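For reference, start16.tsv (TSV, C-alpha atoms and all ligand atoms):
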```
chain	number	residue	atom	x	y	z
F	23	MET	CA	4.98	60.40	-108.74
F	24	THR	CA	4.24	63.82	-110.24
F	25	LEU	CA	3.48	64.26	-113.94
F	26	THR	CA	6.91	65.82	-114.52
F	27	GLU	CA	8.67	62.97	-112.71
F	28	LYS	CA	6.80	60.42	-114.85
F	29	LEU	CA	7.71	62.32	-118.05
F	30	SER	CA	11.37	62.63	-117.02
F	31	GLU	CA	11.53	58.91	-116.27
F	32	LEU	CA	10.04	58.13	-119.69
F	33	GLN	CA	12.77	60.13	-121.44
F	34	VAL	CA	10.73	62.33	-123.73
F	35	GLY	CA	13.28	65.13	-124.02
F	36	ALA	CA	13.61	68.27	-121.89
F	37	VAL	CA	10.67	68.52	-119.48
F	38	SER	CA	9.63	71.59	-117.48
F	39	PRO	CA	6.82	71.66	-114.89
F	40	GLY	CA	4.38	74.58	-114.62
F	41	GLU	CA	5.96	76.23	-117.63
F	42	PRO	CA	4.63	79.79	-118.31
F	43	LEU	CA	3.26	79.72	-121.86
F	44	LYS	CA	3.94	83.44	-122.28
F	45	ASP	CA	7.59	82.40	-122.63
F	46	HIS	CA	6.68	80.24	-125.65
F	47	CYS	CA	4.79	82.71	-127.82
F	48	THR	CA	5.67	85.93	-129.57
F	49	TRP	CA	2.70	87.79	-128.00
F	50	ARG	CA	4.16	87.08	-124.51
F	51	ILE	CA	0.72	86.15	-123.18
F	52	GLY	CA	-0.48	82.99	-121.42
F	53	GLY	CA	-0.65	81.20	-118.08
F	54	PRO	CA	1.22	78.03	-117.04
F	55	ALA	CA	0.99	74.58	-118.64
F	56	ASP	CA	1.02	71.55	-116.31
F	57	ALA	CA	4.18	70.46	-118.15
F	58	LEU	CA	6.08	71.21	-121.35
F	59	ALA	CA	8.19	68.63	-123.17
F	60	GLU	CA	10.70	69.33	-125.94
F	61	PRO	CA	11.65	66.04	-127.61
F	62	SER	CA	14.62	65.73	-129.92
F	63	SER	CA	13.71	62.50	-131.73
F	64	LYS	CA	10.75	60.71	-133.30
F	65	GLU	CA	11.11	57.97	-130.67
F	66	GLU	CA	10.76	60.49	-127.83
F	67	ILE	CA	7.67	61.97	-129.50
F	68	ALA	CA	6.14	58.47	-129.95
F	69	ARG	CA	6.81	57.64	-126.26
F	70	LEU	CA	5.14	60.88	-125.16
F	71	LEU	CA	2.10	60.17	-127.36
F	72	ALA	CA	1.71	56.66	-125.95
F	73	PHE	CA	1.96	58.03	-122.38
F	74	VAL	CA	-0.65	60.82	-122.76
F	75	ARG	CA	-2.96	58.39	-124.57
F	76	GLU	CA	-2.76	55.80	-121.79
F	77	GLU	CA	-3.11	58.40	-119.03
F	78	GLU	CA	-5.81	60.31	-120.98
F	79	ILE	CA	-3.92	63.59	-120.64
F	80	PRO	CA	-4.66	66.38	-123.16
F	81	LEU	CA	-1.73	67.30	-125.44
F	82	LEU	CA	-1.13	70.64	-127.16
F	83	VAL	CA	1.41	70.78	-130.01
F	84	ILE	CA	3.24	74.04	-130.63
F	85	GLY	CA	6.13	75.35	-132.69
F	86	ARG	CA	7.46	78.85	-131.97
F	87	GLY	CA	4.07	80.18	-130.80
F	88	SER	CA	4.07	82.99	-133.36
F	89	ASN	CA	0.46	82.44	-134.32
F	90	LEU	CA	-0.99	81.43	-130.96
F	91	LEU	CA	-2.82	83.21	-128.15
F	92	PHE	CA	-2.67	81.10	-124.98
F	93	SER	CA	-5.36	81.30	-122.30
F	94	ASP	CA	-4.64	83.33	-119.16
F	95	LYS	CA	-5.26	80.08	-117.26
F	96	GLY	CA	-2.63	78.25	-119.31
F	97	PHE	CA	-3.21	74.62	-120.27
F	98	ARG	CA	-4.20	71.56	-118.21
F	99	GLY	CA	-2.11	68.96	-119.93
F	100	VAL	CA	1.25	68.47	-121.63
F	101	VAL	CA	2.56	70.91	-124.23
F	102	LEU	CA	4.63	69.20	-126.93
F	103	LYS	CA	7.00	71.81	-128.31
F	104	LEU	CA	8.67	71.01	-131.62
F	105	GLY	CA	11.31	73.68	-131.98
F	106	ARG	CA	15.09	74.05	-131.81
F	107	ARG	CA	15.68	70.56	-130.38
F	108	PHE	CA	13.91	68.91	-133.33
F	109	SER	CA	15.40	70.76	-136.26
F	110	ALA	CA	17.67	68.60	-138.44
F	111	LEU	CA	17.72	69.28	-142.17
F	112	SER	CA	19.46	68.17	-145.34
F	113	VAL	CA	19.68	69.58	-148.87
F	114	LYS	CA	19.81	67.25	-151.89
F	115	GLY	CA	19.76	68.93	-155.30
F	116	THR	CA	16.62	71.05	-155.44
F	117	ARG	CA	14.97	69.29	-152.49
F	118	VAL	CA	15.24	70.02	-148.76
F	119	ARG	CA	14.17	67.61	-146.03
F	120	ALA	CA	13.59	69.24	-142.68
F	121	GLN	CA	12.22	68.34	-139.26
F	122	SER	CA	9.23	70.35	-138.10
F	123	GLY	CA	11.16	72.36	-135.50
F	124	VAL	CA	13.37	74.05	-138.11
F	125	TRP	CA	13.35	77.87	-137.72
F	126	VAL	CA	11.80	79.21	-140.94
F	127	PRO	CA	14.01	82.34	-141.42
F	128	GLY	CA	17.09	80.09	-141.00
F	129	LEU	CA	15.67	77.63	-143.53
F	130	ALA	CA	15.08	80.49	-145.99
F	131	ARG	CA	18.76	81.49	-145.59
F	132	ILE	CA	19.94	77.91	-146.23
F	133	VAL	CA	17.68	77.54	-149.28
F	134	ALA	CA	18.97	80.85	-150.69
F	135	GLY	CA	22.59	79.87	-149.89
F	136	ALA	CA	22.09	76.64	-151.88
F	137	GLY	CA	21.13	78.74	-154.92
F	138	LEU	CA	17.48	77.67	-154.80
F	139	SER	CA	14.51	79.96	-155.29
F	140	GLY	CA	10.88	79.62	-154.20
F	141	PHE	CA	11.12	80.23	-150.45
F	142	GLU	CA	11.87	83.97	-150.47
F	143	HIS	CA	8.28	84.58	-149.34
F	144	ALA	CA	8.97	82.85	-146.01
F	145	ALA	CA	12.21	84.70	-145.18
F	146	GLY	CA	10.71	86.86	-142.42
F	147	ILE	CA	8.15	84.50	-140.89
F	148	PRO	CA	9.20	83.87	-137.26
F	149	GLY	CA	7.85	80.34	-136.88
F	150	ALA	CA	8.91	76.70	-137.14
F	151	LEU	CA	8.37	74.66	-140.30
F	152	GLY	CA	5.58	72.57	-138.66
F	153	GLY	CA	3.61	75.71	-137.73
F	154	LEU	CA	4.21	77.16	-141.21
F	155	ILE	CA	2.74	74.04	-142.84
F	156	VAL	CA	-0.22	73.87	-140.41
F	157	MET	CA	-1.02	77.53	-141.19
F	158	ASN	CA	-0.05	77.24	-144.89
F	159	GLY	CA	1.78	80.47	-144.12
F	160	GLY	CA	3.54	82.74	-146.56
F	161	SER	CA	3.70	86.24	-147.96
F	162	LEU	CA	3.98	88.01	-151.31
F	163	ARG	CA	0.88	86.05	-152.41
F	164	ARG	CA	2.71	82.74	-151.90
F	165	SER	CA	2.11	79.95	-149.38
F	166	ALA	CA	4.23	77.13	-147.95
F	167	GLY	CA	1.91	74.52	-149.49
F	168	GLU	CA	3.39	75.40	-152.91
F	169	ASN	CA	6.81	74.23	-151.66
F	170	VAL	CA	5.65	70.96	-150.08
F	171	ARG	CA	6.52	67.65	-151.78
F	172	TYR	CA	5.32	65.59	-148.81
F	173	VAL	CA	4.61	65.94	-145.09
F	174	ASP	CA	5.43	63.23	-142.53
F	175	ALA	CA	3.14	63.06	-139.51
F	176	LEU	CA	2.12	60.90	-136.56
F	177	SER	CA	-1.48	60.44	-135.45
F	178	ARG	CA	-2.31	60.65	-131.75
F	179	GLY	CA	-2.51	56.85	-131.91
F	180	GLY	CA	1.14	56.74	-133.03
F	181	GLU	CA	0.37	55.81	-136.66
F	182	PHE	CA	2.85	57.24	-139.22
F	183	LYS	CA	1.54	58.75	-142.46
F	184	ARG	CA	3.28	60.44	-145.39
F	185	PHE	CA	0.90	63.07	-146.85
F	186	ALA	CA	1.11	63.88	-150.58
F	187	PRO	CA	0.49	67.61	-151.30
F	188	ASP	CA	-3.08	66.95	-152.48
F	189	GLU	CA	-3.86	65.24	-149.16
F	190	CYS	CA	-2.83	68.28	-147.13
F	191	GLY	CA	-5.95	70.33	-147.93
F	192	PHE	CA	-3.93	73.50	-148.51
F	193	SER	CA	-5.91	76.66	-149.19
F	194	TYR	CA	-5.47	80.27	-148.04
F	195	ARG	CA	-3.94	79.95	-144.50
F	196	ARG	CA	-5.63	76.53	-144.13
F	197	SER	CA	-4.58	72.89	-144.05
F	198	VAL	CA	-6.00	69.59	-142.80
F	199	PHE	CA	-3.46	69.78	-139.96
F	200	GLN	CA	-5.59	72.45	-138.26
F	201	ASP	CA	-8.31	69.90	-137.56
F	202	GLY	CA	-8.14	67.92	-134.35
F	203	GLY	CA	-7.67	69.34	-130.88
F	204	ALA	CA	-6.14	68.24	-127.60
F	205	ARG	CA	-6.95	64.55	-128.17
F	206	ALA	CA	-6.94	64.17	-131.98
F	207	GLY	CA	-5.18	65.54	-135.03
F	208	TRP	CA	-1.79	64.98	-136.65
F	209	ILE	CA	1.62	65.86	-135.30
F	210	ILE	CA	3.87	67.02	-138.13
F	211	LEU	CA	7.32	65.45	-137.88
F	212	GLY	CA	8.84	67.03	-140.98
F	213	ALA	CA	8.52	67.61	-144.68
F	214	GLU	CA	10.29	67.54	-147.98
F	215	LEU	CA	10.21	70.85	-149.83
F	216	GLY	CA	11.04	71.42	-153.51
F	217	PHE	CA	12.57	74.53	-155.11
F	218	GLU	CA	13.90	75.85	-158.43
F	219	PRO	CA	17.62	76.15	-159.23
F	220	SER	CA	18.58	79.82	-159.41
F	221	ASP	CA	21.37	82.29	-158.89
F	222	ARG	CA	22.45	82.49	-155.23
F	223	ARG	CA	23.00	86.26	-155.24
F	224	THR	CA	19.63	86.98	-156.87
F	225	VAL	CA	17.76	84.84	-154.32
F	226	ARG	CA	19.64	86.36	-151.38
F	227	LYS	CA	18.82	89.85	-152.64
F	228	ALA	CA	15.14	88.95	-153.01
F	229	CYS	CA	15.13	87.70	-149.38
F	230	LEU	CA	16.85	90.86	-148.12
F	231	ASP	CA	14.41	93.06	-150.08
F	232	ALA	CA	11.45	91.17	-148.57
F	233	LEU	CA	12.93	91.57	-145.07
F	234	ALA	CA	13.60	95.28	-145.54
F	235	GLU	CA	10.03	95.83	-146.72
F	236	ARG	CA	8.68	94.03	-143.64
F	237	ARG	CA	10.91	96.04	-141.31
F	238	GLY	CA	9.52	99.25	-142.81
F	239	LYS	CA	5.87	98.15	-142.64
F	240	PHE	CA	5.45	96.03	-139.50
F	241	PRO	CA	5.67	96.96	-135.81
F	242	LEU	CA	8.44	94.58	-134.77
F	243	ARG	CA	9.54	96.14	-131.48
F	244	LEU	CA	6.55	95.28	-129.27
F	245	PRO	CA	5.40	91.65	-128.80
F	246	ASN	CA	2.78	90.66	-131.40
F	247	CYS	CA	1.56	87.68	-133.40
F	248	GLY	CA	1.83	89.10	-136.92
F	249	SER	CA	-1.34	89.76	-138.88
F	250	VAL	CA	-4.36	89.24	-136.66
F	251	PHE	CA	-7.16	89.24	-139.27
F	252	THR	CA	-7.27	87.16	-142.45
F	253	ASN	CA	-7.34	88.75	-145.85
F	254	ASP	CA	-10.64	87.33	-147.16
F	255	PRO	CA	-10.90	87.98	-150.95
F	256	LYS	CA	-14.63	88.85	-150.73
F	257	VAL	CA	-14.03	91.37	-147.93
F	258	TYR	CA	-10.98	92.67	-149.83
F	259	GLU	CA	-13.17	93.43	-152.86
F	260	LEU	CA	-15.62	95.30	-150.64
F	261	ALA	CA	-13.22	97.38	-148.55
F	262	GLY	CA	-9.55	96.44	-149.08
F	263	PRO	CA	-7.07	94.55	-146.88
F	264	PRO	CA	-7.81	94.06	-143.16
F	265	GLY	CA	-5.23	96.66	-142.03
F	266	LYS	CA	-7.00	99.34	-144.09
F	267	ILE	CA	-10.44	98.21	-142.89
F	268	VAL	CA	-9.40	98.49	-139.22
F	269	GLU	CA	-7.70	101.84	-139.87
F	270	ASP	CA	-10.76	103.19	-141.72
F	271	ALA	CA	-12.86	102.20	-138.70
F	272	GLY	CA	-10.72	104.66	-136.71
F	273	LEU	CA	-9.19	101.93	-134.56
F	274	LYS	CA	-5.45	102.58	-134.92
F	275	GLY	CA	-4.18	103.00	-131.36
F	276	ALA	CA	-7.36	101.58	-129.76
F	277	THR	CA	-6.60	99.71	-126.51
F	278	VAL	CA	-8.17	97.17	-124.20
F	279	GLY	CA	-6.03	96.76	-121.08
F	280	GLY	CA	-2.45	96.17	-122.23
F	281	ALA	CA	-3.40	95.27	-125.84
F	282	MET	CA	-3.31	97.96	-128.55
F	283	VAL	CA	-4.09	98.10	-132.28
F	284	SER	CA	-0.69	99.14	-133.59
F	285	PRO	CA	-0.53	102.76	-134.74
F	286	LEU	CA	1.99	101.58	-137.38
F	287	HIS	CA	-0.11	98.82	-139.00
F	288	ALA	CA	-3.72	98.31	-137.98
F	289	ASN	CA	-3.71	94.54	-138.68
F	290	PHE	CA	-1.26	94.10	-135.78
F	291	ILE	CA	-2.20	94.02	-132.11
F	292	VAL	CA	0.75	94.69	-129.83
F	293	ASN	CA	1.30	93.84	-126.18
F	294	LEU	CA	2.17	97.10	-124.41
F	295	GLY	CA	3.38	95.06	-121.42
F	296	GLY	CA	1.27	92.88	-119.16
F	297	ALA	CA	-1.54	92.33	-121.72
F	298	SER	CA	-3.74	89.34	-120.89
F	299	ALA	CA	-5.46	86.95	-123.29
F	300	ALA	CA	-8.73	88.54	-122.14
F	301	ASP	CA	-7.37	91.96	-123.24
F	302	ALA	CA	-6.34	90.62	-126.68
F	303	LEU	CA	-9.70	88.83	-127.18
F	304	GLY	CA	-11.54	91.94	-125.92
F	305	LEU	CA	-9.74	94.10	-128.49
F	306	ILE	CA	-10.34	91.59	-131.30
F	307	SER	CA	-14.06	91.59	-130.35
F	308	LEU	CA	-14.17	95.38	-130.34
F	309	VAL	CA	-12.57	95.56	-133.81
F	310	ARG	CA	-14.89	92.90	-135.21
F	311	ARG	CA	-18.01	94.59	-133.81
F	312	ARG	CA	-16.97	98.04	-135.10
F	313	VAL	CA	-16.19	96.65	-138.58
F	314	PHE	CA	-19.47	94.72	-138.63
F	315	ASP	CA	-21.40	97.87	-137.74
F	316	ARG	CA	-19.71	99.75	-140.63
F	317	LEU	CA	-19.53	97.07	-143.33
F	318	GLY	CA	-21.82	94.21	-142.31
F	319	VAL	CA	-18.98	91.64	-142.32
F	320	TRP	CA	-17.29	89.81	-139.45
F	321	LEU	CA	-13.50	89.69	-139.83
F	322	ASP	CA	-11.99	86.25	-139.14
F	323	THR	CA	-8.62	85.82	-137.47
F	324	GLU	CA	-5.47	84.11	-138.66
F	325	VAL	CA	-4.22	83.91	-135.04
F	326	ARG	CA	-5.43	80.87	-133.12
F	327	TYR	CA	-6.60	80.72	-129.52
F	328	ALA	CA	-5.52	77.77	-127.33
F	329	SER	CA	-7.91	77.38	-124.41
F	330	GLU	CA	-7.19	75.82	-121.02
F	331	ASP	CA	-8.52	72.43	-122.22
F	332	GLY	CA	-6.31	72.47	-125.34
F	333	THR	CA	-8.98	73.33	-127.92
F	334	VAL	CA	-7.29	75.40	-130.64
F	335	ILE	CA	-9.61	77.55	-132.75
F	336	PRO	CA	-9.34	80.83	-134.67
F	337	ALA	CA	-9.33	83.58	-131.99
F	338	SER	CA	-12.36	85.17	-133.73
F	339	GLU	CA	-14.39	82.06	-132.81
F	340	ALA	CA	-13.46	82.55	-129.14
F	341	CYS	CA	-14.82	86.14	-129.17
F	342	PRO	CA	-18.36	86.94	-128.12
F	343	ARG	CA	-20.33	88.75	-130.90
G	401	LIG	C1	6.17	89.49	-136.58
G	401	LIG	C2	5.38	88.37	-137.22
G	401	LIG	C3	5.25	88.33	-138.60
G	401	LIG	C4	4.51	87.29	-139.21
G	401	LIG	N1	4.42	87.27	-140.58
G	401	LIG	C5	3.73	86.27	-141.18
G	401	LIG	C6	3.63	86.22	-142.61
G	401	LIG	O1	4.17	87.04	-143.34
G	401	LIG	N2	2.91	85.20	-143.16
G	401	LIG	C7	2.32	84.25	-142.40
G	401	LIG	O2	1.69	83.34	-142.96
G	401	LIG	N3	2.39	84.26	-141.03
G	401	LIG	C8	3.07	85.26	-140.42
G	401	LIG	N4	3.15	85.29	-139.05
G	401	LIG	C9	2.42	84.28	-138.24
G	401	LIG	C10	3.25	83.04	-137.87
G	401	LIG	O3	4.63	83.36	-137.82
G	401	LIG	C11	3.03	81.88	-138.84
G	401	LIG	O4	1.69	81.46	-138.83
G	401	LIG	C12	3.96	80.68	-138.50
G	401	LIG	O5	3.99	79.81	-139.58
G	401	LIG	C13	3.53	79.91	-137.26
G	401	LIG	O6	4.56	78.99	-136.91
G	401	LIG	P1	4.81	78.58	-135.38
G	401	LIG	O7	5.86	77.55	-135.36
G	401	LIG	O8	5.06	79.78	-134.56
G	401	LIG	O9	3.41	77.94	-135.03
G	401	LIG	P2	2.57	78.02	-133.66
G	401	LIG	O10	2.10	79.43	-133.47
G	401	LIG	O11	3.37	77.43	-132.55
G	401	LIG	O12	1.36	77.07	-134.00
G	401	LIG	C14	0.44	77.40	-135.02
G	401	LIG	C15	-0.56	76.25	-135.16
G	401	LIG	O13	0.12	75.09	-135.63
G	401	LIG	C16	0.02	74.00	-134.68
G	401	LIG	N5	1.34	73.32	-134.74
G	401	LIG	C17	2.56	73.89	-134.60
G	401	LIG	N6	3.53	72.98	-134.85
G	401	LIG	C18	2.91	71.82	-135.13
G	401	LIG	C19	3.37	70.50	-135.48
G	401	LIG	N7	4.67	70.19	-135.59
G	401	LIG	N8	2.43	69.53	-135.71
G	401	LIG	C20	1.11	69.81	-135.62
G	401	LIG	N9	0.62	71.01	-135.29
G	401	LIG	C21	1.52	72.02	-135.06
G	401	LIG	C22	-0.35	74.65	-133.35
G	401	LIG	O14	-1.08	73.77	-132.53
G	401	LIG	C23	-1.20	75.83	-133.82
G	401	LIG	O15	-2.52	75.41	-134.10
G	401	LIG	C24	3.88	86.30	-138.41
G	401	LIG	C25	4.03	86.34	-137.01
G	401	LIG	C26	4.78	87.36	-136.42
G	401	LIG	C27	4.94	87.39	-134.92
```
Let's see the structure in the file written out as structure tokens.
Amino acid sequence: MTLTEKLSELQVGAVSPGEPLKDHCTWRIGGPADALAEPSSKEEIARLLAFVREEEIPLLVIGRGSNLLFSDKGFRGVVLKLGRRFSALSVKGTRVRAQSGVWVPGLARIVAGAGLSGFEHAAGIPGALGGLIVMNGGSLRRSAGENVRYVDALSRGGEFKRFAPDECGFSYRRSVFQDGGARAGWIILGAELGFEPSDRRTVRKACLDALAERRGKFPLRLPNCGSVFTNDPKVYELAGPPGKIVEDAGLKGATVGGAMVSPLHANFIVNLGGASAADALGLISLVRRRVFDRLGVWLDTEVRYASEDGTVIPASEACPR
């Protein structure tokens, strides 16, 4: 029996063999995975975990792939995608419970529509709630960790744990959920988020203003993964935000293969069409080297690189110095 046949027989949701990972990330880069499964229940996820554990198959968890660079060789194992099929949510008073596949911009609309404030910062982030929590993502100097009341997760061994906020290790674009790899680490099932009661129209307007500002600033037409480099406070003090640093280094419009530093915003790398992971990593390396030569600091990346064996690390750590 093939891997896909075994997975289909197990009933772990929608299963696709040889799935091109470029179709599951906003950068549109990445080779095929052996198989991709999209469960729609906790039971299906638990069955998949037990199967890969017994068969010793690496597992890579993804949301909407808006912060991931997949290897050109793809992934030798099973990708567990928690997206549209795992996205139930409910609103009770000022609290919202949501499964990890919930689309963040849709969640921001629902929160605003319920007359709740505190999630305006996430209105334009094109990820799933699980990915947002893993990355402690946000904007306007806010982060998702501030909204979290608890996070529900499964270990690779199938053990359930409810994480209190102080157990999540939230700091700037960091959380404990980034630790692990293809054989360890937590799988976020969902979370409860807390907000403040407010006026519906005011919150909606704040969301629309945030979206309009992003549309004016960010290159949204070509495939990209959002901000590539992190905004380290020490580096900020020295030379400003990463976009300015890359621009000052004269790198707007620089290309490696099909990857280009956006001429609109230098902290974005866009795929001009047919860019490979090697192109994107090559361009990240070039930027880092040029900035190091000018300022003596190595820029770290927010975007994470998923290698063929399922190791997920900041892309900067996958670049040769
Ligand atoms: C145009 C654009 C604008 C962006 N703007 C912002 C912004 O303003 N602020 C910001 O913070 N980010 C921004 N991003 C980056 C990205 O959208 C966020 O990091 C987002 O939260 C990632 O969510 P995702 O579902 O796409 O995660 P993925 O990219 O799929 O995964 C990210 C990481 O989380 C892990 N993961 C995903 N889901 C789970 C789960 N359920 N359980 C365990 N691990 C999981 C993955 O293995 C990976 O390590 C932007 C991206 C784009 C393309």
Check every protein, DNA and RNA residue against ligand LIG 401 (chain G), keep those with an atom at most 7 Å away (counting only C-alpha atoms and all ligand atoms), and present them as a ChimeraX atom specification.
-> /F:48,82-90,104,122-123,144,146-161,195,199-200,208-211,242,246-249,326,334
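For the set F:Asp254, F:Asp270, F:Glu78, F:Asp301, the residue with the smallest atom-to-atom gap to Phe92 in chain F is F:Asp301, counting all atoms listed in the file.
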Have a look at F:Ala337, F:Arg311, F:Gly304, F:Glu218 and name the one nearest to Gly115 in chain F; count all atoms listed in the file.
-> F:Glu218
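Ranking F:Pro127, F:Gly179, F:Pro61, F:Gly105 by their shortest atom-to-atom distance to Glu76 in chain F, with all atoms listed in the file included, puts F:Gly179 first.
CA of Val118 in chain F lies 25.0 Å from CA of Gly207 in chain F.
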Radius query 12 Å about (-10.6, 62.0, -131.8), atoms used: all atoms listed in the file, as an MDAnalysis selection string = chainID F and resid 75 78 80 177:179 201:208
Centre and size of axis-aligned box enclosing range 127-143 of chain F plus 5 Å each side, as JSON:
```
{"center_x": 15.4, "center_y": 80.6, "center_z": -148.1, "size_x": 24.3, "size_y": 17.9, "size_z": 24.3}
```
Considering only C-alpha atoms, return as a PyMOL selection string whatever protein or nucleic-acid residues lie within 12 Å of Ala302 in chain F, sequence-local ones (same chain, fewer than 4 positions apart) excluded.
-> chain F and resi 49-52+90-94+245-247+250+276-283+290-298+306-309+325-327+337-338+340-341
Dig up all the protein and nucleic acid residues within 12 Å of (13.6, 68.9, -141.7) in the file frame, using only C-alpha atoms, and format them as a PyMOL selection string.
-> chain F and resi 63+104-113+117-126+128-129+132+150-152+170+172-174+210-215
Could you check which of F:Leu70, F:Asp56, F:Tyr194, F:Glu269 is closest to Gln33 in chain F, using all atoms listed in the file?
-> F:Leu70
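Distance annotation: of F:Arg243, F:Arg310, F:Arg171, F:Lys95, the residue with the minimal separation from Phe185 in chain F is F:Arg171; atom set is all atoms listed in the file.
The interatomic distance for the pair CA of Phe217 in chain F and CA of Ala130 in chain F works out to 11.2 Å.
In this comparison, which uses all atoms listed in the file, the residue of F:Leu138, F:Ala68, F:Val37, F:Val74 approaching Ala175 in chain F most closely is F:Ala68.
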From the structure block, carefully write range 190-196 of chain F out with all heavy atoms; format it as a short mmCIF file (atom, residue, chain, number, x, y, z; two decimals), in the first residue's frame.
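Once everything was written out, this is out30.cif:
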```
data_model
loop_
_atom_site.label_atom_id
_atom_site.label_comp_id
_atom_site.auth_asym_id
_atom_site.auth_seq_id
_atom_site.Cartn_x
_atom_site.Cartn_y
_atom_site.Cartn_z
N CYS F 190 3.42 30.33 27.23
CA CYS F 190 3.59 30.34 25.76
C CYS F 190 4.91 30.95 25.32
O CYS F 190 5.26 30.90 24.14
CB CYS F 190 2.44 31.11 25.08
SG CYS F 190 0.83 30.32 25.31
N GLY F 191 5.64 31.57 26.26
CA GLY F 191 6.95 32.15 25.94
C GLY F 191 6.87 33.22 24.86
O GLY F 191 7.76 33.30 24.01
N PHE F 192 5.81 34.05 24.91
CA PHE F 192 5.67 35.08 23.88
C PHE F 192 6.71 36.19 24.08
O PHE F 192 6.86 36.73 25.18
CB PHE F 192 4.27 35.73 23.93
CG PHE F 192 3.16 34.83 23.46
CD1 PHE F 192 2.05 34.59 24.25
CD2 PHE F 192 3.22 34.23 22.20
CE1 PHE F 192 1.01 33.78 23.81
CE2 PHE F 192 2.19 33.41 21.75
CZ PHE F 192 1.09 33.19 22.56
N SER F 193 7.43 36.51 23.02
CA SER F 193 8.22 37.74 22.97
C SER F 193 8.19 38.16 21.52
O SER F 193 7.49 37.52 20.72
CB SER F 193 9.65 37.50 23.48
OG SER F 193 10.28 36.54 22.65
N TYR F 194 8.94 39.20 21.14
CA TYR F 194 8.83 39.74 19.79
C TYR F 194 8.97 38.64 18.72
O TYR F 194 10.04 38.05 18.57
CB TYR F 194 9.87 40.85 19.56
CG TYR F 194 9.84 41.37 18.15
CD1 TYR F 194 8.77 42.14 17.70
CD2 TYR F 194 10.86 41.06 17.27
CE1 TYR F 194 8.72 42.57 16.39
CE2 TYR F 194 10.82 41.51 15.95
CZ TYR F 194 9.74 42.26 15.53
OH TYR F 194 9.70 42.69 14.23
N ARG F 195 7.88 38.32 18.02
CA ARG F 195 7.82 37.31 16.95
C ARG F 195 8.36 35.95 17.37
O ARG F 195 8.91 35.20 16.57
CB ARG F 195 8.55 37.80 15.68
CG ARG F 195 8.02 39.09 15.12
CD ARG F 195 6.57 39.00 14.62
NE ARG F 195 6.11 40.31 14.20
CZ ARG F 195 5.32 41.09 14.95
NH1 ARG F 195 4.85 40.69 16.12
NH2 ARG F 195 4.94 42.27 14.51
N ARG F 196 8.19 35.63 18.68
CA ARG F 196 8.69 34.36 19.22
C ARG F 196 7.64 33.72 20.10
O ARG F 196 6.84 34.40 20.74
CB ARG F 196 9.93 34.59 20.11
CG ARG F 196 11.25 34.71 19.41
CD ARG F 196 11.85 33.40 18.95
NE ARG F 196 11.95 32.38 20.01
CZ ARG F 196 12.06 31.08 19.78
NH1 ARG F 196 12.07 30.62 18.56
NH2 ARG F 196 12.17 30.22 20.77
#
```
